[in-house]
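Input: a single structure, listed below in C-alpha cells.
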Amino acid sequence: MNEEKPARSSAALAALAFGALALAAAPAWAQSGNHLEIIHHPNYDKSVFMPFSPAIKVKSGKILWLAGGTALPVYHDHPHKREQILKYLTNDLEGQVRQTMDGIMETLKAAGASPKDVVHVFIFRARPRMGDIGKASAVVNSYFAPHNHKPTTTNLAVLELGEPEQLVEIQVVAVVD
Amino acid sequence: MNEEKPARSSAALAALAFGALALAAAPAWAQSGNHLEIIHHPNYDKSVFMPFSPAIKVKSGKILWLAGGTALPVYHDHPHKREQILKYLTNDLEGQVRQTMDGIMETLKAAGASPKDVVHVFIFRARPRMGDIGKASAVVNSYFAPHNHKPTTTNLAVLELGEPEQLVEIQVVAVVD
Amino acid sequence: MNEEKPARSSAALAALAFGALALAAAPAWAQSGNHLEIIHHPNYDKSVFMPFSPAIKVKSGKILWLAGGTALPVYHDHPHKREQILKYLTNDLEGQVRQTMDGIMETLKAAGASPKDVVHVFIFRARPRMGDIGKASAVVNSYFAPHNHKPTTTNLAVLELGEPEQLVEIQVVAVVD
C-alpha cells in the first residue's frame with residue numbers, strides 16, 4: 001500500500017502535466033475550417049478578381065490526401081465497365097466536373113473534413129477547348145464559395161486521362177482534425 | 001544534498017509524466033506503417049474492386065516528399081547521357097514502371113520508410129496507348145499488395161516527359177517517423 | 001494551505017516536465033531553412049551531377065502550399081485580360097520561368113518562407129521543344145543555388161496550360177514556421 005500511494009500521486013501529477021501541454025498545443029485540436037491560414041502579399045490589389053489563393057499555410061490538423069477523382073462514382077469497378085463509362089462520362093465538361101466534385105465532397109465528409117479544409121485542387125482536363133479552364137474553374141469554385149473559401153489551385157490540360165471519354169480528373173489535398 | 005533530492009525526485013516525476021505523454025501521443029512515434037488512416041465512405045460497396053484508396057489521413061509522422069522518379073537510376077547524370085537513355089528507357093511501359101518503382105523503393109528505404117507509408121502516387125505516362133493506364137497501375141500496385149496497402153493515386157498521360165524515350169514518371173508522397 | 005502546497009509543487013513539476021518535452025520537440029520551432037532533411041541513398045555516387053534531391057523529409061514546421069504560378073503577376077484579373085497575356089506571356093520559355101519564379105519568391109516571402117524551405121517544385125511546360133526541360137530546370141535551380149538547396153522536382157510537358165501563350169506553370173510546396 002505504501003508503494004501504491006506515490007504511484008497514485010505521480011499519476012495525478014502526470015495528468016496535470018499533460019493538461020498543461022494540451023493547453024499549449026490547443027490549435028492542433030481546433031475545429032474544422034480553422035486549420036488554414038490564407039497567405040496574401042502585403043498591400044495586394046484587392047480590386048483584382050482572384051478565384052484562388054496565392055498560398056495556404058497549414059497551421060494545424062492532419063493532412064488528408066484524396067485520390068484523383070473522376071465523374072464516375074467514387075467506388076467503381078476496375079477495369080472500368082463500358083456501361084458505367086457511357087452513363088457517367090458524357091461529353092459535358094461542366095457536368096463531369098460537377099459529378100467529380102460531388103464525389104470529392106462525399107469523401108471529404110467521410111473523413112470529417114469540410115470544403116473549408118481544402119488546401120489544394122489539381123484540375124487535370126483532357127480534350128481542351130478554348131474557355132474550358134474558366135468553365136471548369138467556375139464549377140469547382142462554386143463548391144467553395146458558400147464557405148467563403150478559395151483553395152490554391154493548378155488547372156491544366158493533359159494528353160489523356162483514364163478513358164478517352166474522361167474530360168477531367170480532380171485531385172484534392174485537405175486537412176482534418 | 002537537500003537541494004539535490006527534490007531535483008532528483010521531480011526529474012523522476014517528469015520522466016513519469018513524459019512516459020504518460022508518450023503513451024497518450026503514441027501514434028507520433030509509432031512504427032512504420034501505422035501513420036496512415038485509410039478513409040472509406042460509410043456503407044461503401046465492398047464488392048467493387050478498387051485498386052486505390054479514396055483518401056488517406058496522415059495521423060502521425062513526418063511528410064517525405066520524393067522527386068519524380070524515372071526508369072533511369074535514381075542517381076544519373078544531367079543532362080542525361082545518350083547511352084543511359086538507350087540502356088534504361090526501352091520501349092516497354094511495364095519495364096519502365098518496374099525500374100521506376102525499384103528506384104522509389106530504394107529512396108523510401110534510404111529514408112526509413114516502407115511501401116506501407118506511401119500516401120499518394122502520381123503516375124504520369126507519355127505516348128499513351130489504350131490499356132496503358134491499367135498496365136502501369138498493375139505494376140505499381142504490385143509493390144504495395146504484399147503490404148496490404150493501397151495508396152491514393154492519380155494516373156494520367158502527359159504530352160512529354162524528360163526524354164522522348166521516357167514512358168513514365170512517378171512521384172510519391174509518403175510519411176516517416 | 002496543505003492542499004495548496006502539493007498543487008504548487010505539482011505545477012512546478014508539470015512545468016519541469018513541459019520543459020523536458022519542449023526540449024525533446026525543439027526542432028518544431030527551428031528557424032527558417034532548418035525544417036528539411038535531404039534524403040540520400042547510402043553510398044551514392046557523388047560524382048554524378050544531380051540538380052534535385054531524391055527525397056526531402058519535413059522534420060518540422062508547417063506545410064505551405066502555393067497555387068500554380070505563371071508568368072503573369074501573382075495578382076491578375078480573371079478571366080485573363082488580353083493585354084496582360086500579350087505583355088507577360090511572351091514566347092520565351094526562360095523569361096516566363098523567371099517571371100513565374102519571381103512571383104513564387106514574393107509569395108514565399110509573404111508567408112515568411114525562404115527558398116531554402118521549398119520541398120517540391122512541379123514544373124508543367126507547354127509547347128515543348130527538345131532541350132526545354134534543361135532550360136526550365138536551369139532557371140528554376142538558379143533561385144535555389146545561392147541557398148545551397150535542391151528541392152525535389154517533377155518536370156513534364158502537358159497539352160495546354162491556362163492560355164495558348166502560357167509556356168510554363170510552376171507549383172511549389174514549402175514549409176514555414
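In the C-alpha cells, each chain is lettered A, B, ... as it comes, each chain's residues begin at 1, and ligands are numbered from 1 in order of appearance.
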If we count only C-alpha atoms, which residues of chain B reach to within 6 Å of chain A? Please list them as a VMD selection string.
chain B and resid 17 41 48 to 49 54 to 58 152 to 154 156 to 159
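All C-alpha atoms of chain B, paired in order with those of chain A and fitted by least squares, deviate by an RMSD of 1.2 Å.
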Let's see if you can do this: from backbone DSSP, list all strand (DSSP E or B) residues in chain A, as a PyMOL selection string.
chain A and resi 36-39+55-58+62-66+69+118-125+152-157+160+168-176
Could those selected residues go to a file with N, CA and C atoms, as a CSV table (one decimal), in the first residue's frame?
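So the final result, stored in part-v2.csv, reads:
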chain,number,residue,atom,x,y,z
A,36,LEU,N,-6.4,26.4,-41.6
A,36,LEU,CA,-5.7,27.0,-42.7
A,36,LEU,C,-5.5,28.6,-42.5
A,37,GLU,N,-4.4,29.0,-42.9
A,37,GLU,CA,-4.2,30.5,-43.0
A,37,GLU,C,-3.9,30.9,-44.4
A,38,ILE,N,-4.8,31.8,-44.9
A,38,ILE,CA,-4.6,32.2,-46.3
A,38,ILE,C,-3.5,33.2,-46.4
A,39,ILE,N,-2.6,33.0,-47.3
A,39,ILE,CA,-1.4,33.9,-47.4
A,39,ILE,C,-1.7,34.9,-48.5
A,55,ALA,N,-1.4,31.3,-51.7
A,55,ALA,CA,-0.8,30.3,-50.9
A,55,ALA,C,-1.6,30.0,-49.6
A,56,ILE,N,-1.5,28.8,-49.1
A,56,ILE,CA,-2.2,28.5,-47.9
A,56,ILE,C,-1.2,27.8,-46.9
A,57,LYS,N,-1.2,28.2,-45.7
A,57,LYS,CA,-0.4,27.6,-44.7
A,57,LYS,C,-1.2,26.7,-43.8
A,58,VAL,N,-0.8,25.5,-43.6
A,58,VAL,CA,-1.5,24.5,-42.8
A,58,VAL,C,-1.1,24.7,-41.4
A,62,LYS,N,-4.4,17.5,-39.6
A,62,LYS,CA,-3.7,16.4,-40.2
A,62,LYS,C,-4.0,16.4,-41.7
A,63,ILE,N,-2.9,16.1,-42.5
A,63,ILE,CA,-3.1,16.1,-43.9
A,63,ILE,C,-4.0,15.0,-44.4
A,64,LEU,N,-5.0,15.3,-45.3
A,64,LEU,CA,-5.9,14.4,-45.8
A,64,LEU,C,-5.7,14.4,-47.3
A,65,TRP,N,-5.2,13.3,-47.9
A,65,TRP,CA,-4.8,13.2,-49.3
A,65,TRP,C,-5.9,12.4,-50.0
A,66,LEU,N,-6.5,13.0,-51.0
A,66,LEU,CA,-7.5,12.3,-51.8
A,66,LEU,C,-6.9,11.7,-53.1
A,69,GLY,N,-10.1,12.2,-58.4
A,69,GLY,CA,-11.5,11.9,-58.6
A,69,GLY,C,-11.9,12.1,-60.0
A,118,VAL,N,-10.0,22.5,-47.6
A,118,VAL,CA,-9.3,22.1,-48.7
A,118,VAL,C,-8.1,23.1,-49.0
A,119,VAL,N,-6.9,22.5,-49.1
A,119,VAL,CA,-5.7,23.2,-49.3
A,119,VAL,C,-5.4,23.5,-50.8
A,120,HIS,N,-5.4,22.4,-51.6
A,120,HIS,CA,-5.0,22.5,-53.0
A,120,HIS,C,-6.0,21.6,-53.8
A,121,VAL,N,-6.2,22.1,-55.0
A,121,VAL,CA,-7.0,21.4,-56.0
A,121,VAL,C,-6.3,21.4,-57.3
A,122,PHE,N,-5.9,20.2,-57.8
A,122,PHE,CA,-5.3,20.0,-59.1
A,122,PHE,C,-6.4,19.7,-60.0
A,123,ILE,N,-6.6,20.5,-61.1
A,123,ILE,CA,-7.7,20.2,-62.1
A,123,ILE,C,-6.9,19.8,-63.4
A,124,PHE,N,-7.0,18.5,-63.7
A,124,PHE,CA,-6.4,18.0,-64.9
A,124,PHE,C,-7.5,17.8,-66.0
A,125,ARG,N,-7.5,18.5,-67.0
A,125,ARG,CA,-8.5,18.4,-68.1
A,125,ARG,C,-8.0,17.7,-69.3
A,152,THR,N,-5.9,26.9,-53.0
A,152,THR,CA,-4.9,27.1,-54.0
A,152,THR,C,-5.2,26.1,-55.1
A,153,THR,N,-4.9,26.4,-56.4
A,153,THR,CA,-5.3,25.5,-57.5
A,153,THR,C,-4.2,25.5,-58.5
A,154,THR,N,-4.2,24.4,-59.3
A,154,THR,CA,-3.4,24.2,-60.5
A,154,THR,C,-4.4,23.6,-61.5
A,155,ASN,N,-4.5,24.3,-62.7
A,155,ASN,CA,-5.5,23.9,-63.6
A,155,ASN,C,-4.9,23.8,-65.0
A,156,LEU,N,-4.8,22.6,-65.5
A,156,LEU,CA,-4.1,22.4,-66.8
A,156,LEU,C,-4.7,21.2,-67.6
A,157,ALA,N,-4.3,21.2,-68.9
A,157,ALA,CA,-4.9,20.1,-69.8
A,157,ALA,C,-3.8,19.1,-70.1
A,160,GLU,N,-4.2,12.8,-72.0
A,160,GLU,CA,-5.2,11.8,-71.9
A,160,GLU,C,-5.4,11.4,-70.4
A,168,VAL,N,-12.1,15.2,-67.2
A,168,VAL,CA,-11.5,15.9,-66.1
A,168,VAL,C,-11.1,14.9,-65.0
A,169,GLU,N,-10.1,15.2,-64.3
A,169,GLU,CA,-9.7,14.4,-63.1
A,169,GLU,C,-9.3,15.5,-62.1
A,170,ILE,N,-9.8,15.4,-60.9
A,170,ILE,CA,-9.5,16.4,-59.9
A,170,ILE,C,-8.9,15.8,-58.6
A,171,GLN,N,-7.8,16.3,-58.2
A,171,GLN,CA,-7.0,15.7,-57.1
A,171,GLN,C,-6.9,16.8,-56.0
A,172,VAL,N,-7.4,16.4,-54.8
A,172,VAL,CA,-7.5,17.4,-53.7
A,172,VAL,C,-6.6,17.0,-52.5
A,173,VAL,N,-6.0,18.0,-51.9
A,173,VAL,CA,-5.3,17.8,-50.6
A,173,VAL,C,-6.0,18.7,-49.6
A,174,ALA,N,-6.4,18.1,-48.5
A,174,ALA,CA,-7.1,18.9,-47.5
A,174,ALA,C,-6.4,18.6,-46.1
A,175,VAL,N,-7.1,19.1,-45.1
A,175,VAL,CA,-6.6,18.9,-43.7
A,175,VAL,C,-7.8,18.6,-42.8
A,176,VAL,N,-7.6,17.8,-41.8
A,176,VAL,CA,-8.7,17.4,-40.9
A,176,VAL,C,-8.2,17.4,-39.5
Interatomic distance (Å, one decimal) between CA of Val140 (chain C) and CA of His40 (chain C)
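About the pair CA of Val140 (chain C) and CA of His40 (chain C): they are 21.2 Å apart.
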